[in-house]
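The file model-v9.csv contains CSV, C-alpha atoms:
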```csv
chain,number,residue,atom,x,y,z
A,1,MET,CA,121.6,79.6,110.2
A,2,PRO,CA,119.9,82.1,107.9
A,3,SER,CA,116.4,83.2,108.9
A,4,ASP,CA,113.3,81.3,107.7
A,5,GLN,CA,111.6,84.7,107.4
A,6,SER,CA,113.8,86.2,104.7
A,7,THR,CA,114.7,85.9,101.1
A,8,TRP,CA,118.3,84.7,100.6
A,9,LEU,CA,120.8,86.1,98.1
A,10,ILE,CA,123.4,83.5,97.0
A,11,SER,CA,126.6,84.0,95.1
A,12,VAL,CA,129.0,81.5,93.6
A,13,PRO,CA,131.9,81.9,91.1
A,14,ASP,CA,130.8,81.8,87.4
A,15,SER,CA,132.0,78.5,86.0
A,16,GLY,CA,130.6,79.2,82.6
A,17,ASP,CA,127.4,77.1,83.0
A,18,ALA,CA,125.0,79.4,84.9
A,19,GLU,CA,121.9,77.8,83.3
A,20,GLY,CA,123.1,74.3,84.1
A,21,LEU,CA,123.7,75.2,87.8
A,22,PHE,CA,120.3,76.9,88.0
A,23,GLU,CA,118.5,73.9,86.6
A,24,GLU,CA,120.5,71.5,88.9
A,25,LEU,CA,119.7,73.6,92.0
A,26,SER,CA,116.1,74.1,91.0
A,27,SER,CA,115.7,70.3,90.7
A,28,LYS,CA,117.3,69.5,94.0
A,29,LEU,CA,115.5,72.3,95.9
A,30,SER,CA,112.1,71.2,94.4
A,31,SER,CA,112.7,67.7,95.6
A,32,SER,CA,113.5,68.8,99.1
A,33,SER,CA,110.7,71.5,99.4
A,34,LYS,CA,108.2,72.1,96.7
A,35,SER,CA,107.3,75.5,98.1
A,36,THR,CA,110.9,76.9,97.9
A,37,ASN,CA,111.3,79.6,95.2
A,38,LEU,CA,114.5,79.9,93.3
A,39,ALA,CA,115.3,82.7,90.8
A,40,GLN,CA,118.3,83.9,89.0
A,41,LEU,CA,120.1,87.0,90.2
A,42,SER,CA,122.3,88.9,87.7
A,43,ILE,CA,125.3,90.3,89.6
A,44,PRO,CA,126.8,93.2,87.6
A,45,SER,CA,130.6,93.4,87.0
A,46,PHE,CA,131.4,96.3,89.2
A,47,LYS,CA,134.8,98.0,89.4
A,48,THR,CA,136.6,96.0,92.1
A,49,GLY,CA,139.1,98.7,93.2
A,50,THR,CA,141.9,97.8,95.6
A,51,LEU,CA,141.8,95.0,98.2
A,52,GLU,CA,142.1,97.6,100.9
A,53,SER,CA,139.0,99.5,99.7
A,54,LEU,CA,137.0,96.3,99.5
A,55,VAL,CA,138.0,95.3,103.0
A,56,THR,CA,137.0,98.8,104.3
A,57,LEU,CA,133.7,98.7,102.5
A,58,SER,CA,133.1,95.1,103.8
A,59,GLU,CA,133.5,96.4,107.4
A,60,GLU,CA,131.3,99.5,106.8
A,61,LEU,CA,128.4,97.8,105.0
A,62,PRO,CA,126.8,96.0,107.9
A,63,LYS,CA,126.1,99.4,109.5
A,64,HIS,CA,124.5,100.7,106.3
A,65,ASP,CA,122.6,97.4,105.9
A,66,ALA,CA,121.1,97.8,109.4
A,67,PHE,CA,120.1,101.4,108.7
A,68,PHE,CA,118.5,100.5,105.3
A,69,THR,CA,116.6,97.6,106.8
A,70,ALA,CA,115.4,99.7,109.7
A,71,THR,CA,114.2,102.5,107.3
A,72,VAL,CA,112.2,100.0,105.3
A,73,ALA,CA,110.7,98.5,108.4
A,74,LYS,CA,109.8,101.9,109.8
A,75,THR,CA,108.1,102.8,106.6
A,76,VAL,CA,106.1,99.6,106.7
A,77,ASP,CA,105.2,100.4,110.4
A,78,THR,CA,104.0,103.8,109.3
A,79,LEU,CA,101.7,102.3,106.6
A,80,ARG,CA,100.5,99.7,109.1
A,81,ASN,CA,99.5,102.3,111.6
A,82,LEU,CA,97.9,104.6,109.0
A,83,LEU,CA,95.8,101.6,107.8
A,84,ASN,CA,94.8,100.4,111.3
A,85,ASN,CA,96.8,97.2,111.0
A,86,ASP,CA,94.6,95.9,108.3
A,87,PRO,CA,96.6,93.2,106.3
A,88,SER,CA,94.4,93.4,103.3
A,89,LYS,CA,94.8,97.2,102.9
A,90,LEU,CA,98.5,97.0,103.8
A,91,SER,CA,99.1,94.5,101.0
A,92,GLN,CA,97.8,97.1,98.5
A,93,HIS,CA,100.4,99.6,99.6
A,94,VAL,CA,103.5,97.5,100.3
A,95,LEU,CA,104.4,97.3,96.7
A,96,VAL,CA,107.6,97.8,94.7
A,97,ASN,CA,107.0,99.5,91.3
A,98,GLU,CA,103.4,98.6,91.8
A,99,GLN,CA,104.1,94.9,92.2
A,100,PRO,CA,104.4,92.6,95.2
A,101,VAL,CA,107.9,92.4,96.8
A,102,ASP,CA,108.3,88.7,95.8
A,103,THR,CA,107.4,89.5,92.2
A,104,TYR,CA,110.0,92.3,92.2
A,105,LEU,CA,112.8,90.0,93.5
A,106,LEU,CA,111.9,86.7,91.9
A,107,ARG,CA,110.6,87.6,88.5
A,108,GLY,CA,113.7,88.9,86.7
A,109,TRP,CA,115.4,91.3,89.0
A,110,LEU,CA,117.9,93.6,87.3
A,111,TRP,CA,120.4,96.1,88.5
A,112,ASN,CA,119.1,99.7,87.8
A,113,GLU,CA,121.9,100.7,85.4
A,114,GLY,CA,120.2,104.0,84.6
A,115,ARG,CA,120.2,105.1,88.2
A,116,TYR,CA,123.3,103.4,89.5
A,117,GLY,CA,125.7,103.1,86.6
A,118,VAL,CA,128.3,100.4,87.2
A,119,GLN,CA,131.0,102.8,85.8
A,120,ARG,CA,131.1,104.3,89.3
A,121,SER,CA,133.5,102.9,91.9
A,122,LEU,CA,131.9,100.8,94.7
A,123,ARG,CA,132.6,103.6,97.2
A,124,GLU,CA,130.7,106.1,95.1
A,125,MET,CA,127.9,103.5,94.7
A,126,VAL,CA,127.5,102.9,98.4
A,127,ASP,CA,127.6,106.7,99.1
A,128,VAL,CA,124.9,107.3,96.5
A,129,LEU,CA,122.7,104.5,98.0
A,130,ASN,CA,123.3,105.8,101.5
A,131,LYS,CA,122.5,109.4,100.6
A,132,GLU,CA,119.2,108.4,99.0
A,133,MET,CA,118.2,106.3,101.9
A,134,ALA,CA,119.1,109.0,104.4
A,135,SER,CA,117.0,111.4,102.4
A,136,ILE,CA,114.0,109.1,102.5
A,137,ASP,CA,114.5,108.6,106.3
A,138,ASN,CA,114.6,112.3,106.9
A,139,VAL,CA,111.5,113.1,104.8
A,140,MET,CA,109.6,110.3,106.5
A,141,LYS,CA,110.6,111.5,110.0
A,142,SER,CA,109.5,115.1,109.2
A,143,LYS,CA,106.2,114.1,107.6
A,144,LEU,CA,105.4,111.6,110.3
A,145,ASN,CA,106.1,114.2,113.0
A,146,ASN,CA,103.8,116.7,111.3
A,147,TYR,CA,101.1,114.2,111.0
A,148,ASN,CA,101.4,113.1,114.7
A,149,LEU,CA,101.2,116.7,115.8
A,150,ALA,CA,98.1,117.3,113.8
A,151,LYS,CA,96.5,114.0,115.0
A,152,GLY,CA,97.5,114.7,118.6
A,153,SER,CA,95.8,118.1,118.4
A,154,LEU,CA,92.7,116.6,116.9
A,155,VAL,CA,92.5,113.8,119.5
A,156,GLN,CA,92.9,116.3,122.3
A,157,MET,CA,90.0,118.4,120.9
A,158,GLN,CA,87.9,115.3,120.3
A,159,ARG,CA,88.7,114.0,123.8
A,160,LYS,CA,87.1,117.1,125.2
A,161,LYS,CA,83.8,116.0,123.6
A,162,THR,CA,84.0,112.6,125.3
A,163,GLY,CA,83.7,111.4,128.9
A,164,ASN,CA,81.0,112.2,131.4
A,165,LEU,CA,79.5,115.5,132.2
A,166,SER,CA,82.0,116.2,134.9
A,167,VAL,CA,84.9,116.5,132.4
A,168,ARG,CA,83.7,116.8,128.8
A,169,SER,CA,83.3,120.0,126.9
A,170,LEU,CA,80.0,121.6,127.3
A,171,VAL,CA,80.1,123.6,124.0
A,172,ASP,CA,77.6,121.3,122.3
A,173,ILE,CA,75.4,120.8,125.3
A,174,VAL,CA,74.5,124.2,126.8
A,175,ARG,CA,72.4,126.8,125.0
A,176,LYS,CA,71.9,130.5,125.3
A,177,GLU,CA,68.6,130.1,127.1
A,178,HIS,CA,70.4,128.2,130.0
A,179,PHE,CA,72.2,131.4,131.0
A,180,ILE,CA,71.3,134.8,132.5
A,181,ASN,CA,73.1,137.3,130.3
A,182,ASP,CA,74.1,140.9,130.9
A,183,SER,CA,73.2,140.9,134.6
A,184,GLU,CA,75.2,143.2,136.8
A,185,TYR,CA,74.6,141.1,140.0
A,186,MET,CA,73.7,137.6,139.1
A,187,GLN,CA,75.2,134.8,137.1
A,188,THR,CA,74.5,131.2,136.0
A,189,MET,CA,76.5,128.4,137.4
A,190,LEU,CA,76.8,124.9,135.9
A,191,VAL,CA,77.1,122.0,138.3
A,192,ALA,CA,77.7,118.3,137.5
A,193,VAL,CA,75.9,116.2,140.2
A,194,PRO,CA,76.6,112.4,140.5
A,195,LYS,CA,73.5,110.4,139.8
A,196,ASN,CA,73.3,109.1,143.3
A,197,LEU,CA,73.4,112.7,144.8
A,198,VAL,CA,70.6,114.3,142.6
A,199,LYS,CA,68.1,114.1,145.4
A,200,ASP,CA,70.6,115.8,147.8
A,201,TRP,CA,71.2,118.5,145.2
A,202,ASN,CA,67.5,119.2,144.8
A,203,ALA,CA,67.1,119.4,148.6
A,204,LYS,CA,70.2,121.4,149.4
A,205,TYR,CA,71.2,123.7,146.5
A,206,GLU,CA,69.0,126.6,147.7
A,207,ARG,CA,70.6,126.5,151.1
A,208,LEU,CA,74.3,125.9,150.2
A,209,THR,CA,74.9,129.6,150.7
A,210,SER,CA,72.9,132.8,150.8
A,211,MET,CA,71.8,134.6,147.7
A,212,VAL,CA,70.9,131.5,145.7
A,213,VAL,CA,67.9,132.2,143.5
A,214,PRO,CA,65.1,129.8,144.7
A,215,ARG,CA,63.8,127.2,142.2
A,216,SER,CA,66.5,128.3,139.7
A,217,SER,CA,68.0,124.8,139.3
A,218,THR,CA,67.3,123.4,135.8
A,219,LEU,CA,68.4,120.1,134.4
A,220,VAL,CA,70.5,120.8,131.3
A,221,SER,CA,71.6,117.3,130.4
A,222,ALA,CA,72.3,113.9,131.9
A,223,ASP,CA,74.4,110.8,131.2
A,224,ASP,CA,74.9,107.5,133.0
A,225,GLU,CA,77.1,109.0,135.7
A,226,TYR,CA,76.2,112.7,136.1
A,227,SER,CA,73.3,115.1,135.8
A,228,LEU,CA,74.2,118.7,134.7
A,229,PHE,CA,72.2,121.5,136.4
A,230,SER,CA,72.2,125.2,135.9
A,231,VAL,CA,71.5,127.4,138.9
A,232,VAL,CA,71.4,131.2,139.3
A,233,ILE,CA,73.3,132.8,142.1
A,234,PHE,CA,74.5,136.3,143.0
A,235,LYS,CA,78.1,137.0,141.8
A,236,ARG,CA,79.3,138.0,145.3
A,237,VAL,CA,78.8,134.4,146.6
A,238,HIS,CA,80.4,132.7,143.7
A,239,ASP,CA,83.5,131.5,145.7
A,240,ASP,CA,81.5,130.4,148.7
A,241,PHE,CA,78.9,128.6,146.6
A,242,ALA,CA,81.7,126.8,144.7
A,243,GLN,CA,83.4,125.6,147.9
A,244,LYS,CA,80.1,124.3,149.4
A,245,CYS,CA,79.5,122.4,146.2
A,246,ARG,CA,82.9,120.8,146.5
A,247,ASP,CA,82.2,119.9,150.1
A,248,ASN,CA,79.0,118.1,149.0
A,249,LYS,CA,80.8,116.4,146.0
A,250,PHE,CA,79.0,118.5,143.5
A,251,ILE,CA,81.3,119.5,140.6
A,252,ILE,CA,81.4,123.1,139.4
A,253,ARG,CA,81.8,123.4,135.6
A,254,GLU,CA,83.2,126.9,135.0
A,255,PHE,CA,81.7,128.0,131.7
A,256,VAL,CA,81.1,131.4,130.2
A,257,PHE,CA,78.6,131.3,127.4
A,258,SER,CA,79.8,133.1,124.2
A,259,GLU,CA,78.4,132.3,120.8
A,260,ASP,CA,81.6,133.6,119.2
A,261,ALA,CA,83.7,131.4,121.4
A,262,ILE,CA,81.6,128.4,120.7
A,263,ALA,CA,81.7,129.0,117.0
A,264,LYS,CA,85.4,129.5,117.2
A,265,GLN,CA,85.9,126.1,119.0
A,266,ARG,CA,83.7,124.4,116.4
A,267,ASP,CA,85.7,126.0,113.5
A,268,GLU,CA,89.0,124.9,115.2
A,269,LEU,CA,87.8,121.3,115.5
A,270,GLN,CA,86.6,121.3,111.9
A,271,ALA,CA,90.0,122.7,110.8
A,272,ALA,CA,91.9,120.2,112.9
A,273,ASP,CA,89.9,117.4,111.4
A,274,THR,CA,90.4,118.6,107.8
A,275,THR,CA,94.2,119.1,108.5
A,276,GLU,CA,94.5,115.6,109.9
A,277,LYS,CA,92.8,114.0,107.0
A,278,GLU,CA,94.9,115.9,104.5
A,279,LEU,CA,98.1,115.0,106.2
A,280,TRP,CA,97.0,111.4,106.6
A,281,THR,CA,96.4,111.2,102.8
A,282,GLU,CA,99.8,112.9,102.1
A,283,LEU,CA,101.7,110.6,104.5
A,284,LEU,CA,100.0,107.5,103.1
A,285,GLN,CA,100.9,108.4,99.5
A,286,LEU,CA,104.5,109.3,100.6
A,287,SER,CA,104.9,106.1,102.6
A,288,ARG,CA,103.7,104.0,99.7
A,289,THR,CA,106.2,105.7,97.3
A,290,ASN,CA,109.1,105.7,99.8
A,291,PHE,CA,108.6,102.0,100.7
A,292,SER,CA,109.0,101.2,97.0
A,293,GLU,CA,112.1,103.4,96.7
A,294,ALA,CA,113.6,102.2,100.0
A,295,PHE,CA,113.1,98.6,99.3
A,296,GLN,CA,114.8,98.9,95.9
A,297,ILE,CA,117.7,100.8,97.5
A,298,LEU,CA,118.0,98.0,100.1
A,299,ALA,CA,118.0,95.3,97.4
A,300,HIS,CA,120.8,97.1,95.5
A,301,LEU,CA,122.9,97.5,98.6
A,302,LYS,CA,122.5,93.7,99.3
A,303,VAL,CA,123.8,93.0,95.8
A,304,VAL,CA,126.8,95.3,96.4
A,305,GLN,CA,127.5,93.4,99.6
A,306,LEU,CA,127.1,90.1,97.7
A,307,PHE,CA,129.7,91.2,95.1
A,308,ILE,CA,132.2,92.6,97.6
A,309,GLU,CA,132.1,89.5,99.8
A,310,SER,CA,132.4,87.3,96.6
A,311,VAL,CA,135.5,89.1,95.5
A,312,LEU,CA,137.1,88.8,99.0
A,313,ARG,CA,136.2,85.1,99.2
A,314,TYR,CA,136.7,83.8,95.7
A,315,GLY,CA,139.1,86.4,94.2
A,316,LEU,CA,139.4,87.4,90.6
A,317,PRO,CA,138.0,87.3,87.9
A,318,ALA,CA,135.1,89.1,89.4
A,319,HIS,CA,132.4,87.2,87.6
A,320,TYR,CA,129.7,85.5,89.8
A,321,ILE,CA,126.4,83.8,89.5
A,322,GLY,CA,123.7,84.9,91.8
A,323,PHE,CA,120.4,83.4,93.0
A,324,PHE,CA,117.4,84.5,95.0
A,325,ILE,CA,116.0,81.8,97.2
A,326,LYS,CA,112.7,82.2,99.2
A,327,PRO,CA,112.7,79.2,101.5
A,328,GLU,CA,109.6,77.5,102.9
A,329,PRO,CA,109.8,78.3,106.6
A,330,LYS,CA,109.0,74.7,107.7
A,331,THR,CA,111.8,73.3,105.5
A,332,THR,CA,114.4,76.0,105.8
A,333,LYS,CA,117.0,73.7,107.4
A,334,ARG,CA,116.5,71.1,104.7
A,335,THR,CA,116.8,73.8,102.0
A,336,LEU,CA,120.1,75.0,103.5
A,337,THR,CA,121.4,71.4,103.8
A,338,THR,CA,120.6,70.9,100.1
A,339,LEU,CA,122.5,74.1,99.1
A,340,GLN,CA,125.5,73.1,101.2
A,341,SER,CA,125.5,69.7,99.6
A,342,GLN,CA,125.2,71.0,96.0
A,343,LEU,CA,127.8,73.7,96.5
A,344,ALA,CA,130.3,71.8,98.6
A,345,TYR,CA,132.7,71.8,95.7
A,346,LEU,CA,133.3,75.5,96.5
A,347,GLY,CA,134.8,74.7,99.9
A,348,ARG,CA,138.4,74.6,98.9
A,349,ARG,CA,138.2,77.9,97.0
A,350,ALA,CA,135.9,79.6,99.5
A,351,ASN,CA,137.8,78.6,102.6
A,352,PRO,CA,141.3,77.2,101.8
A,353,ASP,CA,142.5,77.5,105.4
A,354,LYS,CA,139.6,75.2,106.5
A,355,ALA,CA,140.5,72.7,103.7
A,356,LYS,CA,144.1,72.8,104.7
A,357,ALA,CA,143.2,72.2,108.3
A,358,LYS,CA,141.2,69.2,107.3
A,359,SER,CA,144.1,67.8,105.4
A,360,GLY,CA,146.4,68.3,108.4
A,361,GLY,CA,148.1,71.5,107.4
A,362,GLY,CA,146.8,73.6,110.2
A,363,THR,CA,146.7,77.4,110.5
A,364,GLU,CA,147.9,79.9,113.0
A,365,GLU,CA,145.2,80.7,115.5
A,366,LEU,CA,143.7,84.2,115.0
A,367,GLY,CA,142.0,86.3,117.6
A,368,GLY,CA,141.5,89.8,118.7
A,369,GLU,CA,139.5,91.9,116.2
A,370,TYR,CA,139.0,88.9,113.9
A,371,GLN,CA,137.5,86.6,116.6
A,372,ASN,CA,133.9,87.6,115.9
A,373,LEU,CA,134.4,87.0,112.2
A,374,LEU,CA,135.7,83.5,112.9
A,375,GLU,CA,132.8,82.7,115.1
A,376,GLN,CA,130.2,83.6,112.4
A,377,GLU,CA,128.5,80.8,110.7
A,378,PHE,CA,130.4,80.1,107.4
A,379,PHE,CA,129.1,78.6,104.2
A,380,ASP,CA,131.0,77.7,101.0
A,381,PHE,CA,128.8,80.1,99.1
A,382,VAL,CA,128.2,83.8,99.9
A,383,LEU,CA,124.8,84.4,101.5
A,384,PHE,CA,122.9,87.6,102.5
A,385,GLU,CA,119.3,88.1,103.5
A,386,ILE,CA,116.4,90.5,102.8
A,387,PRO,CA,113.8,90.2,105.6
A,388,TRP,CA,110.3,89.5,104.5
A,389,ILE,CA,107.6,92.1,104.8
A,390,ILE,CA,105.2,90.6,107.3
A,391,LEU,CA,101.7,91.9,106.7
```
Translate this file's structure into structure tokens.
Amino acid sequence: MPSDQSTWLISVPDSGDAEGLFEELSSKLSSSSKSTNLAQLSIPSFKTGTLESLVTLSEELPKHDAFFTATVAKTVDTLRNLLNNDPSKLSQHVLVNEQPVDTYLLRGWLWNEGRYGVQRSLREMVDVLNKEMASIDNVMKSKLNNYNLAKGSLVQMQRKKTGNLSVRSLVDIVRKEHFINDSEYMQTMLVAVPKNLVKDWNAKYERLTSMVVPRSSTLVSADDEYSLFSVVIFKRVHDDFAQKCRDNKFIIREFVFSEDAIAKQRDELQAADTTEKELWTELLQLSRTNFSEAFQILAHLKVVQLFIESVLRYGLPAHYIGFFIKPEPKTTKRTLTTLQSQLAYLGRRANPDKAKAKSGGGTEELGGEYQNLLEQEFFDFVLFEIPWIIL
């Protein structure tokens, strides 16, 4: 059964009364589900080529279909992630030629003759569509990778500014006056002390090792978990002092004060932030444009599929009537039943072997490579689907 989360493309042989069939189907579908949308689909008269070429394309197209559908879905996912999964914002960007997807499909869809002239062979047509979609996919992968690298770099820099005082960057916390500069023998150490050990620190720091400057401990900053102290020691006891701190669960924060280094880090963070914003904007615009392009390419591929399967099923002349149907999810089964009932007259032409079997003629049993084909759900009309864009 076709999905209740997709728009259906239907094809039947042209009997010369397309308007009459449309009105009849519209009436029947409205009576079974008032929310089901039906629209006419003009199927071009492509060059049919040979039977062998049609069969070959028919076997190849599902692979292209899966690739095209996945590319559209990935583009939507990129937009969704850029817009923080906000449906209202996403709806403003998931547009085809600046209009909603349903409007594009259900309000007079036409084959883009200027871009995909029907004078081409079907093979050439499929190759052009595939080349365009592959180009979109490659560009999206490249731009998304560039953005992710920039965002990752920014997040890494920002992460250094978060967390407690035992792990976060101290660039924006310490100041020049917290340090002894240009001393040949002494240096300032920074120590993050757990809140519950502050009393121990004040009582012990002068005696952790020799050569600790008395009363040199100064509170630099504090958060909910740690207090950051500066303390002056002689350089020669650095390693011993650091080990004693670790033994007492005091955390040494190695930091060399340099105004140039601090300024450089701030500039790097600002540059990373600017780069991320620029690439975000570029990727958003590109994704919006490429969604529109990719969805149109997908729709054109579906119509090519529809035509090829119609020729293989109904034969020549290659003139067919097409419809878009957007079913109401709750009444999908009823909509399908209505279609099957209204188009049942196609049964003998669409599946003569089945009709022969019903009349007692029988057919030879097929298997092997055709078994999967035989097991697929079969309708008297040709049906393909375009998945809905779920916001």
### Message
I'd like the contact shell of stretch 75-80 of chain A - 12 Å cut-off, all atoms listed in the file, skipping same-chain residues fewer than 3 positions apart - returned as a ChimeraX atom specification.
### Response
/A:68-72,83-95,133,136-141,143-145,147-148,280-295,388-391
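Using all atoms listed in the file, the protein and nucleic acid residues lying no more than 8 Å from stretch 53-66 of chain A, apart from those fewer than 2 places from it along its own chain, are Thr48, Gly49, Thr50, Leu51, Phe68, Thr69, Ala70, Arg123, Asn130, Leu298, Leu301, Lys302, Gln305, Ile308, Glu309 and Leu312 of chain A.
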Tell me which protein, DNA and RNA residues are within 7 Å of stretch 329-339 of chain A, counting only C-alpha atoms, leaving out same-chain ones fewer than 3 positions away, and put them as a JSON list (two decimals) with C-alpha atoms, in the coordinates of the input.
```json
[["chain", "number", "residue", "atom", "x", "y", "z"],
["A", 4, "ASP", "CA", 113.30, 81.30, 107.70],
["A", 5, "GLN", "CA", 111.60, 84.70, 107.40],
["A", 29, "LEU", "CA", 115.50, 72.30, 95.90],
["A", 32, "SER", "CA", 113.50, 68.80, 99.10],
["A", 33, "SER", "CA", 110.70, 71.50, 99.40],
["A", 342, "GLN", "CA", 125.20, 71.00, 96.00],
["A", 343, "LEU", "CA", 127.80, 73.70, 96.50]]
```
### Non-local contacts of A:Ala242 (10 Å; only C-alpha atoms; under 5 positions in same chain excluded) as a PyMOL selection string
chain A and resi 189+191+208-209+237+247+250-254
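Atom pair atom CA of A:His178 / atom CA of A:Ser230: separated by 6.9 Å.
A straight line drawn from atom CA of A:Tyr314 to atom CA of A:Thr36 is 26.8 Å long.
Atom CA of A:Ser15 sits 13.8 Å away from atom CA of A:Ser310.
Neighbours of A:Gly108 closer than or equal to 12 Å, with all atoms listed in the file counted and sequence neighbours fewer than 2 positions away skipped, come out as Leu38, Ala39, Gln40, Leu41, Ser42, Asp102, Thr103, Tyr104, Leu105, Leu106, Leu110, Trp111, Gly322, Phe323 and Phe324 of chain A.
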